[in-house]
>>> print(open('coords.txt').read())   # compact mmCIF, C-alpha atoms and all ligand atoms
# COMPACT_ATOMS: atom_id res chain seq x y z
CA MET A 1 0.00 0.00 0.00
CA PRO A 2 1.15 3.58 -0.36
CA ARG A 3 2.79 4.19 2.98
CA ASP A 4 1.15 6.85 5.07
CA ALA A 5 3.23 10.02 5.01
CA SER A 6 3.70 9.98 8.78
CA THR A 7 4.77 6.33 8.92
CA PRO A 8 8.48 5.82 9.54
CA ALA A 9 10.06 3.72 6.81
CA GLY A 10 10.30 0.09 7.82
CA ALA A 11 7.84 0.20 10.72
CA ARG A 12 5.23 -2.32 9.61
CA ALA A 13 4.45 -3.62 13.08
CA VAL A 14 5.14 -2.45 16.62
CA THR A 15 4.54 -4.41 19.83
CA ALA A 16 4.02 -2.87 23.26
CA VAL A 17 3.12 -4.29 26.66
CA ALA A 18 1.18 -2.73 29.53
CA PRO A 19 0.76 -3.94 33.11
CA ALA A 20 -2.23 -4.93 35.22
CA LYS A 21 -3.15 -2.61 38.07
CA ILE A 22 -4.27 -3.27 41.58
CA ASN A 23 -5.67 -0.67 43.98
CA LEU A 24 -3.92 -0.60 47.36
CA HIS A 25 -6.59 1.87 48.42
CA LEU A 26 -9.87 2.35 46.57
CA GLY A 27 -12.14 4.93 48.12
CA VAL A 28 -15.35 5.48 46.16
CA GLY A 29 -17.39 8.67 46.56
CA ASP A 30 -20.98 9.21 45.57
CA VAL A 31 -22.14 8.94 41.99
CA ARG A 32 -21.60 12.18 40.03
CA GLY A 33 -23.84 13.92 37.52
CA ASP A 34 -21.95 12.26 34.64
CA GLY A 35 -22.55 8.76 36.03
CA TYR A 36 -18.98 8.28 37.26
CA HIS A 37 -17.91 8.11 40.90
CA ASP A 38 -15.22 10.32 42.41
CA LEU A 39 -12.34 8.13 43.46
CA LEU A 40 -9.44 8.42 45.83
CA THR A 41 -7.17 5.55 44.97
CA VAL A 42 -3.59 4.32 45.22
CA TYR A 43 -2.79 2.38 42.07
CA ARG A 44 0.06 -0.07 41.78
CA ALA A 45 1.21 -1.77 38.58
CA VAL A 46 2.03 -5.48 38.92
CA ASP A 47 3.86 -7.83 36.60
CA LEU A 48 1.00 -9.36 34.66
CA TRP A 49 1.17 -7.95 31.14
CA GLU A 50 -1.03 -7.42 28.14
CA ARG A 51 0.82 -7.58 24.83
CA VAL A 52 -0.47 -5.65 21.84
CA THR A 53 0.90 -5.64 18.29
CA VAL A 54 -0.31 -3.06 15.80
CA SER A 55 0.54 -3.62 12.16
CA LEU A 56 -0.08 -1.89 8.88
CA VAL A 57 -2.36 -3.78 6.50
CA ASP A 58 -1.95 -3.46 2.75
CA ALA A 59 -4.75 -1.45 1.15
CA ASP A 60 -5.55 -4.30 -1.24
CA ALA A 61 -5.68 -6.93 1.53
CA ALA A 62 -8.91 -8.79 2.30
CA ASP A 63 -11.62 -6.85 4.11
CA ASP A 64 -11.15 -8.59 7.42
CA ASP A 65 -7.35 -8.26 7.51
CA ASP A 66 -7.55 -5.34 9.90
CA GLU A 67 -9.66 -7.26 12.36
CA VAL A 68 -8.76 -7.61 16.02
CA ILE A 69 -7.24 -10.93 17.01
CA VAL A 70 -7.22 -11.89 20.69
CA THR A 71 -5.31 -14.85 22.15
CA GLY A 72 -4.60 -16.13 25.64
CA PRO A 73 -6.79 -16.98 28.65
CA GLY A 74 -10.30 -15.51 28.47
CA ALA A 75 -9.85 -14.44 24.83
CA PRO A 76 -13.36 -15.58 23.71
CA GLN A 77 -14.93 -13.01 26.06
CA VAL A 78 -13.09 -10.10 24.43
CA PRO A 79 -14.74 -8.23 21.50
CA THR A 80 -12.91 -8.55 18.19
CA ASP A 81 -14.52 -5.67 16.33
CA ARG A 82 -13.55 -2.00 16.43
CA THR A 83 -15.39 -1.56 19.78
CA ASN A 84 -12.45 -3.36 21.38
CA LEU A 85 -10.72 -0.81 23.60
CA ALA A 86 -7.32 -1.37 21.95
CA ALA A 87 -8.87 -0.86 18.50
CA ARG A 88 -10.52 2.32 19.75
CA ALA A 89 -7.11 3.51 20.95
CA VAL A 90 -5.62 2.79 17.52
CA ASP A 91 -8.49 4.56 15.75
CA LEU A 92 -8.20 7.60 18.02
CA LEU A 93 -4.54 8.15 17.10
CA ARG A 94 -5.06 7.23 13.44
CA GLU A 95 -7.77 9.88 13.12
CA GLU A 96 -5.62 12.39 14.96
CA ALA A 97 -2.79 11.70 12.50
CA GLY A 98 -5.20 12.19 9.60
CA SER A 99 -4.09 8.79 8.42
CA ASP A 100 -6.21 6.38 6.40
CA ALA A 101 -3.85 3.48 7.11
CA ARG A 102 -5.50 0.16 7.89
CA ILE A 103 -4.12 -1.12 11.15
CA ALA A 104 -4.59 -4.64 12.48
CA VAL A 105 -4.50 -5.26 16.23
CA ARG A 106 -3.31 -8.44 17.90
CA ILE A 107 -3.76 -8.79 21.65
CA HIS A 108 -2.32 -11.46 23.89
CA LYS A 109 -4.08 -11.55 27.26
CA GLY A 110 -1.91 -11.90 30.36
CA VAL A 111 -4.31 -10.11 32.71
CA PRO A 112 -7.58 -11.75 33.81
CA VAL A 113 -10.55 -10.69 31.66
CA ALA A 114 -13.23 -8.74 33.62
CA GLY A 115 -11.19 -9.44 36.74
CA GLY A 116 -10.81 -6.01 38.34
CA MET A 117 -7.20 -5.66 37.21
CA ALA A 118 -7.67 -3.31 34.23
CA GLY A 119 -6.89 -5.85 31.50
CA GLY A 120 -8.92 -3.95 28.88
CA SER A 121 -7.39 -0.66 29.99
CA ALA A 122 -3.91 -2.17 29.67
CA ASP A 123 -4.77 -3.20 26.10
CA ALA A 124 -5.70 0.41 25.32
CA ALA A 125 -2.53 1.71 26.99
CA ALA A 126 -0.27 -0.65 25.04
CA ALA A 127 -2.16 0.12 21.81
CA LEU A 128 -1.67 3.88 22.30
CA VAL A 129 2.07 3.52 22.89
CA ALA A 130 2.50 1.14 19.95
CA THR A 131 0.38 3.17 17.50
CA ASP A 132 2.13 6.39 18.45
CA ARG A 133 5.36 4.73 17.29
CA LEU A 134 3.86 2.97 14.26
CA LEU A 135 2.49 6.25 12.89
CA GLY A 136 5.55 8.24 13.96
CA LEU A 137 3.44 10.71 15.96
CA GLY A 138 5.99 11.21 18.73
CA LEU A 139 3.40 12.19 21.31
CA GLY A 140 5.00 12.44 24.72
CA ARG A 141 3.84 10.50 27.75
CA ALA A 142 1.65 13.39 28.99
CA ALA A 143 -0.15 13.65 25.64
CA LEU A 144 -0.65 9.89 25.53
CA GLU A 145 -2.09 9.92 29.05
CA GLU A 146 -4.52 12.65 28.01
CA ARG A 147 -5.70 10.49 25.06
CA ALA A 148 -5.81 7.53 27.46
CA ALA A 149 -8.25 9.31 29.81
CA ARG A 150 -10.70 9.61 26.92
CA LEU A 151 -10.72 5.84 26.55
CA GLY A 152 -11.21 4.85 30.19
CA SER A 153 -10.53 5.87 33.76
CA ASP A 154 -7.71 3.34 34.36
CA VAL A 155 -5.97 3.72 31.00
CA PRO A 156 -3.69 6.63 32.01
CA PHE A 157 -2.36 4.62 34.94
CA CYS A 158 -1.65 1.61 32.71
CA ILE A 159 0.53 3.94 30.62
CA ARG A 160 2.32 5.38 33.64
CA GLY A 161 2.79 2.30 35.87
CA GLY A 162 4.65 2.31 39.19
CA THR A 163 2.59 3.50 42.14
CA ALA A 164 0.36 6.55 41.85
CA LEU A 165 -2.36 8.43 43.63
CA GLY A 166 -5.47 8.60 41.45
CA THR A 167 -8.27 11.15 41.83
CA GLY A 168 -11.17 12.39 39.69
CA ARG A 169 -12.68 9.24 38.20
CA GLY A 170 -9.23 7.67 38.57
CA GLU A 171 -7.63 9.40 35.59
CA LYS A 172 -5.85 12.23 37.45
CA LEU A 173 -2.49 10.85 38.56
CA ALA A 174 0.31 11.83 40.90
CA THR A 175 3.19 9.35 40.96
CA LEU A 176 4.31 8.24 44.43
CA LEU A 177 8.00 8.16 43.66
CA HIS A 178 9.01 7.01 47.11
CA ALA A 179 6.82 3.89 46.99
CA ARG A 180 9.49 1.60 45.59
CA ALA A 181 9.74 -1.34 48.01
CA GLU A 182 8.99 -4.59 46.18
CA GLN A 183 5.79 -6.31 47.23
CA PHE A 184 4.64 -9.89 46.52
CA ILE A 185 0.98 -10.56 45.98
CA VAL A 186 -0.93 -13.76 45.31
CA VAL A 187 -3.62 -13.29 42.68
CA ALA A 188 -6.57 -15.70 42.85
CA LEU A 189 -8.66 -15.70 39.67
CA ALA A 190 -12.37 -16.45 39.97
CA ASP A 191 -14.63 -18.39 37.66
CA GLY A 192 -16.39 -15.74 35.59
CA GLY A 193 -16.02 -11.98 35.68
CA LEU A 194 -17.82 -8.95 37.07
CA SER A 195 -18.68 -5.93 34.98
CA THR A 196 -17.30 -2.71 36.48
CA PRO A 197 -20.50 -0.61 36.02
CA THR A 198 -22.56 -3.40 37.64
CA VAL A 199 -20.33 -3.40 40.71
CA PHE A 200 -20.44 0.40 41.02
CA ALA A 201 -24.26 0.22 40.75
CA GLU A 202 -24.38 -2.49 43.42
CA LEU A 203 -22.29 -0.29 45.72
CA ASP A 204 -24.74 2.60 45.21
CA ARG A 205 -27.63 0.22 45.92
CA LEU A 206 -26.05 -1.16 49.09
CA ARG A 207 -25.24 2.32 50.37
CA ALA A 208 -28.79 3.53 49.77
CA GLU A 209 -30.29 0.36 51.22
CA ARG A 210 -28.27 0.53 54.43
CA ASP A 211 -29.54 3.99 55.24
CA PRO A 212 -32.08 5.26 52.73
CA ALA A 213 -32.51 8.50 54.67
CA ASP A 214 -28.84 9.30 54.33
CA PRO A 215 -27.24 7.43 51.44
CA GLY A 216 -23.55 7.06 52.01
CA ARG A 217 -23.63 6.73 55.80
CA GLY A 218 -24.58 3.06 55.91
CA LEU A 219 -21.45 1.32 54.66
CA PRO A 220 -18.04 2.08 56.09
CA ARG A 221 -15.90 4.17 53.74
CA ALA A 222 -12.18 3.79 53.10
CA GLY A 223 -11.16 7.19 54.50
CA GLY A 224 -7.88 8.99 53.80
CA VAL A 225 -4.71 7.65 52.22
CA ASP A 226 -2.04 9.53 54.18
CA PRO A 227 -1.07 6.65 56.53
CA LEU A 228 -0.75 4.28 53.54
CA VAL A 229 1.31 6.78 51.56
CA VAL A 230 3.67 7.11 54.56
CA ALA A 231 3.89 3.30 55.00
CA LEU A 232 4.72 2.86 51.30
CA ALA A 233 7.90 4.88 51.85
CA GLY A 234 9.15 2.16 54.18
CA ASP A 235 10.00 -1.48 53.64
CA ASP A 236 7.54 -3.21 55.98
CA PRO A 237 4.95 -5.29 54.06
CA ALA A 238 2.92 -5.86 57.24
CA ALA A 239 2.59 -2.11 57.86
CA VAL A 240 1.36 -1.60 54.29
CA ALA A 241 -0.97 -4.60 54.49
CA GLY A 242 -2.66 -3.19 57.59
CA LEU A 243 -3.68 -0.07 55.67
CA LEU A 244 -5.16 -1.55 52.49
CA ALA A 245 -8.79 -0.74 51.74
CA ASN A 246 -11.36 -1.27 49.00
CA ASP A 247 -14.85 0.26 49.07
CA MET A 248 -15.84 -1.91 46.09
CA GLU A 249 -15.31 -5.11 48.03
CA ALA A 250 -18.74 -5.11 49.73
CA ALA A 251 -20.44 -4.79 46.35
CA ALA A 252 -18.31 -7.52 44.70
CA LEU A 253 -19.03 -9.87 47.63
CA SER A 254 -22.72 -9.10 47.40
CA LEU A 255 -22.75 -10.06 43.70
CA MET A 256 -20.43 -13.06 44.14
CA PRO A 257 -20.75 -14.40 47.70
CA ALA A 258 -18.42 -17.35 46.94
CA LEU A 259 -15.52 -14.89 47.09
CA ARG A 260 -15.90 -14.79 50.89
CA ARG A 261 -14.59 -18.33 51.03
CA THR A 262 -11.64 -17.50 48.79
CA LEU A 263 -10.75 -14.59 51.05
CA ARG A 264 -11.08 -16.74 54.17
CA VAL A 265 -8.86 -19.49 52.75
CA GLY A 266 -6.16 -16.99 51.78
CA ARG A 267 -6.22 -15.32 55.16
CA GLU A 268 -6.09 -18.69 56.95
CA ALA A 269 -3.17 -19.62 54.70
CA GLY A 270 -1.27 -16.83 56.43
CA ALA A 271 -1.53 -13.90 54.01
CA LEU A 272 -0.91 -10.53 55.66
CA HIS A 273 -4.12 -9.28 54.10
CA GLY A 274 -6.69 -10.54 51.62
CA MET A 275 -9.03 -8.37 49.59
CA VAL A 276 -10.96 -8.12 46.36
CA SER A 277 -9.04 -6.44 43.52
CA GLY A 278 -10.82 -3.28 42.33
CA SER A 279 -14.33 -4.23 41.21
CA GLY A 280 -13.43 -7.94 41.42
CA PRO A 281 -13.81 -10.82 41.26
CA THR A 282 -10.05 -11.44 41.41
CA CYS A 283 -8.82 -11.69 45.02
CA LEU A 284 -5.42 -10.43 46.19
CA PHE A 285 -3.34 -11.75 49.08
CA PHE A 286 -0.46 -9.63 50.31
CA CYS A 287 2.62 -11.49 51.49
CA THR A 288 5.94 -10.78 53.21
CA ASP A 289 8.21 -12.04 50.43
CA ARG A 290 8.34 -14.36 47.42
CA ASP A 291 8.64 -17.60 49.45
CA HIS A 292 5.70 -16.61 51.62
CA ALA A 293 3.66 -15.82 48.50
CA ILE A 294 4.52 -19.20 46.94
CA ALA A 295 3.39 -20.98 50.14
CA VAL A 296 0.13 -19.00 50.33
CA ALA A 297 -0.54 -19.63 46.62
CA ALA A 298 -0.03 -23.37 47.08
CA GLU A 299 -2.49 -23.45 49.97
CA ILE A 300 -5.16 -21.53 48.02
CA SER A 301 -4.70 -23.86 45.02
CA GLU A 302 -5.11 -26.93 47.23
CA HIS A 303 -8.45 -25.71 48.53
CA GLY A 304 -9.82 -25.35 45.00
CA VAL A 305 -11.33 -21.92 45.69
CA ALA A 306 -9.83 -20.23 42.63
CA ARG A 307 -9.77 -20.97 38.91
CA GLU A 308 -6.09 -20.12 38.81
CA VAL A 309 -3.57 -18.81 41.32
CA ARG A 310 -0.54 -16.70 40.40
CA VAL A 311 2.24 -15.00 42.31
CA THR A 312 2.96 -11.49 41.13
CA ARG A 313 5.02 -8.55 42.29
CA GLY A 314 4.95 -4.81 42.05
CA PRO A 315 5.56 -2.05 41.43
CA VAL A 316 6.58 -2.43 37.79
CA GLY A 317 6.84 0.20 35.07
CA GLY A 318 4.10 1.28 32.69
CA ALA A 319 3.35 0.61 29.04
CA HIS A 320 6.42 0.34 26.81
CA ILE A 321 7.51 -0.91 23.43
CA VAL A 322 9.09 -4.34 23.33
CA ASP A 323 9.48 -4.89 19.60
CA ASP A 324 9.98 -2.20 17.01
CA PRO A 325 11.62 -3.14 13.71
CA THR A 326 12.67 0.47 13.13
CA GLY A 327 14.95 0.05 16.14
CA LYS A 328 14.02 3.46 17.52
O1 LIG A 401 -13.84 4.69 32.75
P1 LIG A 401 -14.31 3.35 32.34
O2 LIG A 401 -14.88 3.33 30.95
O3 LIG A 401 -13.29 2.26 32.53
O4 LIG A 401 -15.49 3.00 33.32
C1 LIG A 401 -16.38 1.96 33.08
C2 LIG A 401 -17.64 2.20 33.88
O5 LIG A 401 -17.37 2.07 35.29
C3 LIG A 401 -18.24 3.59 33.73
O6 LIG A 401 -19.12 3.65 32.66
C4 LIG A 401 -18.96 3.79 35.05
O7 LIG A 401 -20.20 3.10 35.03
C5 LIG A 401 -18.08 3.04 36.02
N1 LIG A 401 -17.12 3.94 36.71
C6 LIG A 401 -17.60 4.77 37.70
N2 LIG A 401 -16.73 5.62 38.34
C7 LIG A 401 -15.43 5.63 38.02
C8 LIG A 401 -14.91 4.78 37.03
C9 LIG A 401 -15.81 3.94 36.37
O8 LIG A 401 -18.79 4.77 38.03
N3 LIG A 401 -14.61 6.45 38.68
>>> encode(input="coords.txt", output="structure tokens")
Amino acid sequence: MPRDASTPAGARAVTAVAPAKINLHLGVGDVRGDGYHDLLTVYRAVDLWERVTVSLVDADAADDDDEVIVTGPGAPQVPTDRTNLAARAVDLLREEAGSDARIAVRIHKGVPVAGGMAGGSADAAAALVATDRLLGLGLGRAALEERAARLGSDVPFCIRGGTALGTGRGEKLATLLHARAEQFIVVALADGGLSTPTVFAELDRLRAERDPADPGRGLPRAGGVDPLVVALAGDDPAAVAGLLANDMEAAALSLMPALRRTLRVGREAGALHGMVSGSGPTCLFFCTDRDHAIAVAAEISEHGVAREVRVTRGPVGGAHIVDDPTGK
């Protein structure tokens, strides 16, 4: 095909990866006029990765050659048309570049689908970084994060990685540079997923139900993040574990009561803390070190309370290119 003017010579395909997120603190405010909830959250990127390849398709190729191909665990649940969040990321930058290039998207899932770990957002983050390079746009990280916020509340964090305070609907970020101590976390995947809007709606319902006269008073709320932010500067996993909080947990447990057993098993296995990840249903168990995490993971596996159990660690960096034939 005639190469798009803004495409660097030789760059036919670019691959980027982006990490899963967990929320060490997830405080959810009341629903706003635009349907979103104000959040106060501490994000952390962990080393489960989505891998996205964007490639130029010849203009005379078959009609479906720029389709979205998804592989890996949970792939059948992911849309393969242009509503896919990674494809929307590609199309956003393509339109911005004024390019009519056909771009195929291949996604390999390493993050649980609909698991409360931002797998779809990571796809969008990786797609933005890869497409920026493929089309030679040269947008900086700040500009990419701004585009990311248009695609979803967690997408900017999947670009940035590390550990960050998130406000607004989660898209306004302040990196916590001092929060560098390595942390080991057991991730217990559930059978099935939970849709994020459904869990937010369930939280609203539970809050209203607990005290209809004064919605918001009924369920305990996560409170401030200052003690956690201070603890993250140190190197004591138990101190951090004692300060973790997730307002979404009550709603996820209400929709999927079986998760209570998963949490109990992980806690009895000796985890410092067990909680639902984001909107769930993945459960997280915080451990003292790698050996402890391996022991806790083995115990959870033995009890058969999770579809799959993985040991992960964080913080890790954000979205980045792993394969670029132009060698840039
Ligand atoms: O931003 P994103 O598209 O990932 O959000 C998915 C859905 O989750 C939103 O449509 C909204 O229903 C809910 N949400 C929310 N408050 C947030 C983030 C997401 O209510 N801060």
>>> residues_near_ligand(input="coords.txt", ligand="ligand LIG 401 (chain A)", cutoff="10 Å", atoms="only C-alpha atoms and all ligand atoms", output="JSON, numbers by chain")
{"A": [27, 28, 29, 30, 31, 32, 34, 35, 36, 37, 38, 39, 40, 41, 85, 118, 120, 121, 149, 150, 151, 152, 153, 154, 155, 166, 167, 168, 169, 170, 171, 195, 196, 197, 198, 199, 200, 201, 203, 204, 279]}
>>> atom_distance(input="coords.txt", atom1="atom CA of A:Ala233", atom2="atom CA of A:Ala125")
27.1 Å
>>> axis_aligned_box(input="coords.txt", around="stretch 191-206 of chain A", padding_each_side="8 Å", output="JSON")
{"center_x": -21.1, "center_y": -7.9, "center_z": 42.0, "size_x": 29.0, "size_y": 37.0, "size_z": 30.1}
>>> atom_distance(input="coords.txt", atom1="atom CA of A:Val265", atom2="atom CA of A:Ala252")
17.2 Å
>>> closest_residue(input="coords.txt", among="A:Gly223, A:Leu243, A:Trp49, A:Gly266", to="A:Glu302", atoms="all atoms listed in the file")
A:Gly266
>>> residues_around(input="coords.txt", residues="stretch 89-97 of chain A", least_positions_apart="6", cutoff="10 Å", atoms="only C-alpha atoms", output="PyMOL selection string")
chain A and resi 4-7+54+82-83+103-105+121+123-132+134-137+139+144+147-148+150-151
>>> residues_near_point(input="coords.txt", point="(-5.1, -14.3, 20.9)", cutoff="8 Å", atoms="all atoms listed in the file", output="PyMOL selection string")
chain A and resi 69-72+75+106-109
